[in-house]
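Dumped model25.tsv below, it's TSV, C-alpha atoms:
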```tsv
chain	number	residue	atom	x	y	z
G	312	MET	CA	-3.17	3.50	-5.17
G	313	ILE	CA	-0.97	3.61	-2.45
G	314	ILE	CA	-1.36	2.96	0.95
G	315	THR	CA	-1.29	0.47	1.70
G	316	LEU	CA	1.58	-1.11	4.19
G	317	GLY	CA	-0.41	-10.29	9.90
G	318	LEU	CA	-2.55	-10.52	12.33
G	319	ALA	CA	-0.81	-10.73	15.71
G	320	LEU	CA	1.75	-13.52	15.75
G	321	ALA	CA	1.43	-14.08	11.98
G	322	CYS	CA	4.35	-16.20	10.81
G	323	ILE	CA	3.44	-16.98	7.19
G	324	PRO	CA	6.46	-16.98	4.85
G	325	THR	CA	6.51	-14.28	2.20
G	326	GLY	CA	5.73	-15.73	-1.21
G	327	VAL	CA	3.27	-18.41	-0.07
G	328	PHE	CA	0.52	-16.59	-1.97
G	329	GLY	CA	0.63	-16.35	-5.76
G	330	ALA	CA	-1.45	-15.16	-8.70
G	331	GLU	CA	-3.51	-18.37	-8.75
G	332	ASP	CA	-4.47	-17.89	-5.12
G	333	ILE	CA	-5.44	-14.25	-5.70
G	334	SER	CA	-7.54	-15.35	-8.67
G	335	SER	CA	-9.67	-17.51	-6.40
G	336	VAL	CA	-10.19	-14.52	-4.09
G	337	LEU	CA	-11.42	-12.48	-7.07
G	338	GLU	CA	-14.08	-15.05	-8.04
G	339	THR	CA	-16.86	-13.02	-6.46
G	340	LYS	CA	-15.81	-9.89	-8.40
G	341	GLY	CA	-16.39	-11.44	-11.81
G	342	PRO	CA	-14.25	-12.26	-14.86
G	343	LYS	CA	-13.16	-8.65	-15.42
G	344	ALA	CA	-11.49	-8.58	-12.00
G	345	LYS	CA	-9.73	-11.89	-12.66
G	346	GLY	CA	-8.50	-10.47	-15.96
G	347	ILE	CA	-6.45	-7.91	-14.06
G	348	ILE	CA	-4.03	-10.58	-12.86
G	349	ALA	CA	-4.42	-12.85	-15.90
G	350	LYS	CA	-3.21	-10.18	-18.35
G	351	PRO	CA	-1.98	-7.09	-16.50
G	352	SER	CA	-0.78	-4.07	-18.44
G	353	ILE	CA	1.89	-3.49	-15.79
G	354	PHE	CA	3.21	-5.78	-13.06
G	355	ARG	CA	5.30	-4.61	-10.12
G	356	GLU	CA	6.68	-6.37	-7.04
G	357	SER	CA	8.51	-4.52	-4.28
G	358	ALA	CA	10.04	-5.79	-1.04
G	359	LEU	CA	11.11	-4.29	2.27
G	360	ALA	CA	13.20	-6.48	4.57
G	361	ARG	CA	13.72	-6.33	8.32
G	362	LEU	CA	11.36	-3.50	9.20
G	363	PRO	CA	11.94	-3.05	12.95
G	364	ILE	CA	8.31	-3.58	13.97
G	365	SER	CA	6.11	-6.58	14.73
G	366	PRO	CA	3.48	-8.20	12.47
G	367	ARG	CA	0.76	-6.73	14.70
G	368	GLN	CA	2.21	-3.25	14.22
G	369	VAL	CA	2.49	-3.72	10.46
G	370	GLU	CA	-1.15	-4.77	10.41
G	371	PHE	CA	-2.13	-1.65	12.33
G	372	LEU	CA	-0.38	0.62	9.82
G	373	ILE	CA	-1.98	-1.17	6.86
G	374	ASP	CA	-5.46	-1.17	8.36
G	375	HIS	CA	-5.34	2.46	9.56
G	376	PRO	CA	-4.41	4.49	6.45
G	377	ARG	CA	-5.28	7.82	8.11
G	378	VAL	CA	-2.73	7.16	10.83
G	379	SER	CA	-0.13	5.99	8.30
G	380	LEU	CA	-0.63	9.14	6.23
G	381	ALA	CA	-0.37	11.37	9.31
G	382	LEU	CA	2.89	9.61	10.22
G	383	ALA	CA	4.13	10.17	6.67
G	384	HIS	CA	3.46	13.89	7.04
G	385	LEU	CA	5.64	13.82	10.16
G	386	TYR	CA	8.44	11.47	9.15
G	387	ALA	CA	8.36	11.32	5.33
G	388	PRO	CA	7.56	14.83	4.03
G	389	PHE	CA	9.04	13.85	0.65
G	390	LEU	CA	6.03	11.60	-0.05
G	391	ASP	CA	3.53	12.67	-2.71
G	392	ASN	CA	0.61	14.89	-1.69
G	393	TYR	CA	-1.86	12.11	-0.90
G	394	SER	CA	-5.13	12.49	0.94
G	395	VAL	CA	-7.10	9.54	2.32
G	396	GLU	CA	-10.77	9.16	3.18
G	397	VAL	CA	-12.22	6.00	4.74
G	398	ARG	CA	-15.85	5.94	3.63
G	399	PRO	CA	-18.77	4.43	5.60
G	400	ASP	CA	-18.63	1.27	3.45
G	401	GLN	CA	-14.91	0.99	4.40
G	402	VAL	CA	-13.79	1.72	0.84
G	403	ILE	CA	-10.61	3.83	1.02
G	404	HIS	CA	-10.54	6.81	-1.34
G	405	ILE	CA	-7.01	7.93	-2.23
G	406	ASP	CA	-6.23	11.17	-4.03
G	407	ASP	CA	-3.14	13.02	-5.21
G	408	PRO	CA	-4.74	16.07	-6.85
G	409	GLY	CA	-4.25	16.21	-10.59
G	410	LYS	CA	-2.09	13.09	-10.64
G	411	LEU	CA	-4.04	10.07	-9.46
G	412	ALA	CA	-7.14	8.98	-7.57
G	413	GLY	CA	-8.59	5.62	-6.67
G	414	ASP	CA	-11.05	3.69	-4.53
G	415	ALA	CA	-9.54	0.70	-2.70
G	416	GLU	CA	-11.75	-2.15	-1.50
G	417	LEU	CA	-10.31	-4.71	0.89
G	418	ILE	CA	-11.26	-8.08	-0.60
G	419	ASP	CA	-9.15	-10.43	1.50
G	420	ALA	CA	-7.69	-10.13	5.00
G	421	ARG	CA	-5.97	-13.04	6.66
G	422	PRO	CA	-2.87	-13.62	8.81
G	423	GLY	CA	0.07	-12.34	6.79
G	424	ARG	CA	-1.83	-10.87	3.86
G	425	ARG	CA	-4.05	-8.05	2.65
G	426	VAL	CA	-5.50	-7.87	-0.89
G	427	TYR	CA	-7.17	-4.77	-2.34
G	428	LEU	CA	-9.13	-4.21	-5.55
G	429	ILE	CA	-8.60	-0.63	-6.70
G	430	SER	CA	-10.37	1.38	-9.41
G	431	GLY	CA	-9.09	4.78	-10.45
G	432	TYR	CA	-6.99	6.83	-12.80
G	433	PHE	CA	-3.39	7.92	-13.20
G	434	ASN	CA	-2.21	10.96	-15.16
G	435	ILE	CA	1.08	10.49	-17.02
G	436	PHE	CA	2.51	12.44	-19.93
G	437	LYS	CA	-0.51	14.75	-19.68
G	438	MET	CA	-2.82	11.83	-20.47
G	439	ARG	CA	-5.37	10.23	-18.16
G	440	PHE	CA	-5.34	6.43	-17.88
G	441	ASP	CA	-8.36	4.80	-16.25
G	442	GLY	CA	-7.89	1.31	-14.94
G	443	HIS	CA	-7.97	-1.23	-12.15
G	444	MET	CA	-5.35	-2.70	-9.87
G	445	VAL	CA	-5.08	-5.72	-7.60
G	446	LEU	CA	-2.68	-4.88	-4.80
G	447	MET	CA	-1.43	-7.59	-2.44
G	448	THR	CA	0.79	-7.06	0.58
G	449	VAL	CA	2.30	-10.12	2.25
G	450	TYR	CA	4.22	-9.80	5.51
G	451	SER	CA	6.02	-12.26	7.77
G	452	GLU	CA	7.85	-12.20	11.06
G	453	ARG	CA	11.61	-12.60	11.29
G	454	ARG	CA	13.22	-13.41	14.65
G	455	LYS	CA	16.88	-13.12	15.60
G	456	ASP	CA	17.74	-13.63	19.24
G	457	ALA	CA	15.25	-11.41	21.10
G	458	ALA	CA	14.71	-9.00	18.21
G	459	VAL	CA	11.62	-9.12	16.02
G	460	SER	CA	11.33	-7.62	12.55
G	461	VAL	CA	9.07	-7.99	9.54
G	462	ASP	CA	9.64	-8.67	5.85
G	463	THR	CA	7.01	-7.35	3.44
G	464	THR	CA	6.38	-7.89	-0.26
G	465	THR	CA	3.83	-5.83	-2.19
G	466	THR	CA	2.65	-7.04	-5.59
G	467	ALA	CA	0.65	-4.85	-7.99
G	468	TYR	CA	-1.24	-6.03	-11.08
G	469	ILE	CA	-2.40	-3.00	-13.09
G	470	LYS	CA	-4.88	-3.23	-15.96
G	471	ILE	CA	-5.41	-0.19	-18.19
G	472	ASP	CA	-8.98	-0.04	-19.53
G	473	SER	CA	-8.27	1.25	-23.04
G	474	ALA	CA	-6.32	-1.01	-25.42
G	475	PHE	CA	-4.55	2.06	-26.83
G	476	ALA	CA	-3.77	3.34	-23.36
G	477	ALA	CA	-2.46	-0.06	-22.30
G	478	SER	CA	-0.09	-0.14	-25.26
G	479	PHE	CA	1.08	3.37	-24.46
G	480	ALA	CA	1.61	2.44	-20.81
G	481	ARG	CA	3.77	-0.53	-21.80
G	482	LEU	CA	5.79	1.70	-24.14
G	483	ALA	CA	6.22	4.29	-21.39
G	484	ASN	CA	7.28	1.55	-19.00
G	485	TYR	CA	9.90	0.35	-21.49
G	486	LEU	CA	11.27	3.77	-22.41
G	487	PHE	CA	10.95	5.60	-19.13
G	488	PRO	CA	11.10	3.10	-16.23
G	489	LYS	CA	11.99	5.81	-13.74
G	490	LYS	CA	8.76	7.62	-14.61
G	491	VAL	CA	6.84	4.50	-13.66
G	492	ASP	CA	8.87	3.47	-10.60
G	493	VAL	CA	9.76	6.74	-8.89
G	494	ARG	CA	6.45	6.94	-7.05
G	495	ILE	CA	6.86	3.39	-5.78
G	496	GLU	CA	10.37	4.15	-4.56
G	497	ARG	CA	9.17	7.19	-2.61
G	498	PHE	CA	6.43	5.14	-1.03
G	499	LEU	CA	8.84	2.38	0.01
G	500	HIS	CA	11.22	4.96	1.47
G	501	ALA	CA	8.32	6.52	3.38
G	502	ALA	CA	7.19	3.15	4.77
G	503	GLU	CA	10.71	2.39	5.96
G	504	SER	CA	11.11	5.86	7.53
G	505	ILE	CA	7.83	5.50	9.42
G	506	ALA	CA	8.69	2.01	10.71
G	507	ILE	CA	12.08	3.16	11.99
G	508	ALA	CA	10.65	6.29	13.64
G	509	VAL	CA	7.80	4.58	15.51
G	510	HIS	CA	10.14	1.80	16.64
G	511	LYS	CA	12.80	4.21	17.86
G	512	ASP	CA	10.47	6.43	19.90
G	513	PRO	CA	6.78	5.44	19.86
G	514	ALA	CA	5.96	7.90	22.65
G	515	ALA	CA	7.33	10.80	20.59
G	516	ALA	CA	5.37	9.58	17.57
G	517	HIS	CA	2.20	9.52	19.66
G	518	ARG	CA	2.80	13.06	20.92
G	519	LYS	CA	3.37	14.30	17.39
G	520	LEU	CA	0.18	12.62	16.19
G	521	VAL	CA	-1.75	14.32	18.99
G	522	SER	CA	-0.28	17.71	18.06
G	523	ALA	CA	-0.93	17.23	14.35
G	524	GLY	CA	-4.65	16.65	14.93
G	525	GLU	CA	-5.11	14.52	11.80
G	526	VAL	CA	-6.44	11.34	13.44
G	527	SER	CA	-9.28	10.55	15.82
G	528	ALA	CA	-9.01	10.02	19.55
G	529	GLU	CA	-9.94	6.36	19.05
G	530	GLU	CA	-7.12	5.91	16.52
G	531	LEU	CA	-4.67	7.60	18.89
G	532	GLN	CA	-5.66	5.25	21.69
G	533	GLU	CA	-5.21	2.21	19.47
G	534	PHE	CA	-1.84	3.51	18.28
G	535	GLY	CA	-0.77	3.82	21.92
G	536	ARG	CA	-1.85	0.26	22.69
G	537	THR	CA	-0.15	-1.13	19.60
G	538	PHE	CA	3.19	0.67	19.84
```
As structure tokens, please, write out the structure in this file.
Amino acid sequence: MIITLGLALACIPTGVFGAEDISSVLETKGPKAKGIIAKPSIFRESALARLPISPRQVEFLIDHPRVSLALAHLYAPFLDNYSVEVRPDQVIHIDDPGKLAGDAELIDARPGRRVYLISGYFNIFKMRFDGHMVLMTVYSERRKDAAVSVDTTTTAYIKIDSAFAASFARLANYLFPKKVDVRIERFLHAAESIAIAVHKDPAAAHRKLVSAGEVSAEELQEFGRTF
């Protein structure tokens, strides 16, 4: 329930989109989907400022999770042991064996924003919690002199299916916040490490991706054109 990191030249200010706007996007998914943001079991919002890449490059990393994961293996080895599969219907299956798994469906893509509806499970305290998540990433361009950077904000609304499990999750969140947030912190650190590395030496990143053999030739070509 990860991956996830505008369109070229997107300049939409972070924070333009809120829960009400996401709710309208979820209309086609039914009342249960809207309930995720109406009454989430857990809510999280995380921000990264001044990533040294362009909106187009951010979009590439978000929309190509296999490339992002390969870059994480190269530049953020501390990240959890995720695997990613993009299925024929474009649903992204994410797995960290024994810890979590989920299927992420892109439900809204527009300049400056991506919204995913995710179904899956998370193991915590030796208990399995099934649930759903709405994950929104908003990103905007920042210019200073000739330099371009990007600010991103990722918002997660998590709904635990079982009423008992939801109560337990809230208790765990209250008593052990680090248990809940440590995975998010590692992911943010990884995203920042990747952005800095590909900005500093995109040619070296491309060579390492070729050597690693984790992404397709088509993805490598698009990476080269983008960075």
8 Å contact set for G:Gly442, all atoms listed in the file, chain neighbours under 2 positions out, as a PyMOL selection string: chain G and resi 430-432+440+444+469-472
Nearest residue to G:Leu499 from the set G:Ala383, G:Asp406, G:Pro351, G:Met447 (distances using only C-alpha atoms):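 Counting only C-alpha atoms, the residue closest to G:Leu499 is G:Ala383.
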Coordinates-based distance that separates atom CA of G:Thr464 from atom CA of G:Lys350 (Å, one decimal): 20.6 Å
When you look at stretch 500-507 of chain G with a cut-off of 8 Å (counting all atoms listed in the file), what residues show up, excluding the ones that are within fewer than 6 positions of it in the same chain? I need them as a PDB file with C-alpha atoms, in the frame of the given file.
```pdb
ATOM      1  CA  LEU G 316       1.580  -1.110   4.190  1.00  0.00           C
ATOM      2  CA  LEU G 359      11.110  -4.290   2.270  1.00  0.00           C
ATOM      3  CA  LEU G 362      11.360  -3.500   9.200  1.00  0.00           C
ATOM      4  CA  PRO G 363      11.940  -3.050  12.950  1.00  0.00           C
ATOM      5  CA  ILE G 364       8.310  -3.580  13.970  1.00  0.00           C
ATOM      6  CA  LEU G 382       2.890   9.610  10.220  1.00  0.00           C
ATOM      7  CA  ALA G 383       4.130  10.170   6.670  1.00  0.00           C
ATOM      8  CA  TYR G 386       8.440  11.470   9.150  1.00  0.00           C
ATOM      9  CA  ALA G 387       8.360  11.320   5.330  1.00  0.00           C
ATOM     10  CA  PHE G 389       9.040  13.850   0.650  1.00  0.00           C
ATOM     11  CA  LEU G 390       6.030  11.600  -0.050  1.00  0.00           C
TER      12      LEU G 390
END
```
Point-to-point distance in Å for atom CA of G:Glu416 and atom CA of G:Thr463: 20.1 Å
Residue nearest G:Val397 - candidates G:Ala516, G:Ala415, G:Ile347, G:Val461, atoms counted: only C-alpha atoms: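 Counting only C-alpha atoms, the residue closest to G:Val397 is G:Ala415.
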Spatial neighbours of G:Leu428, max dist 10 Å, only C-alpha atoms, sep filter under 2 positions, as a list in words: Met312, Leu337, Lys340, Ala344, Ile347, Val402, Gly413, Asp414, Ala415, Glu416, Leu417, Ile418, Asp419, Val426, Ser430, His443, Met444, Val445, Leu446, Met447 and Tyr468 of chain G
Of the listed residues G:Val459, G:Val378, G:Ala420, G:Leu411, that which approaches G:Met438 most closely, counting only C-alpha atoms: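 Among G:Val459, G:Val378, G:Ala420, G:Leu411, it is G:Leu411 that comes nearest to G:Met438.
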Point-to-point distance in Å for atom CA of G:Pro513 and atom CA of G:Thr537: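 Straight-line distance from atom CA of G:Thr537 to atom CA of G:Pro513 works out to 9.6 Å.
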Best match for closeness to G:Glu452 among G:Arg367, G:Arg439, G:Arg536, G:His375, counting only C-alpha atoms: G:Arg367
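Restricting the calculation to only C-alpha atoms, the smallest distance between G:Glu530 and any of G:Leu372, G:Ile348, G:Val509, G:Ile495 is found for G:Leu372.
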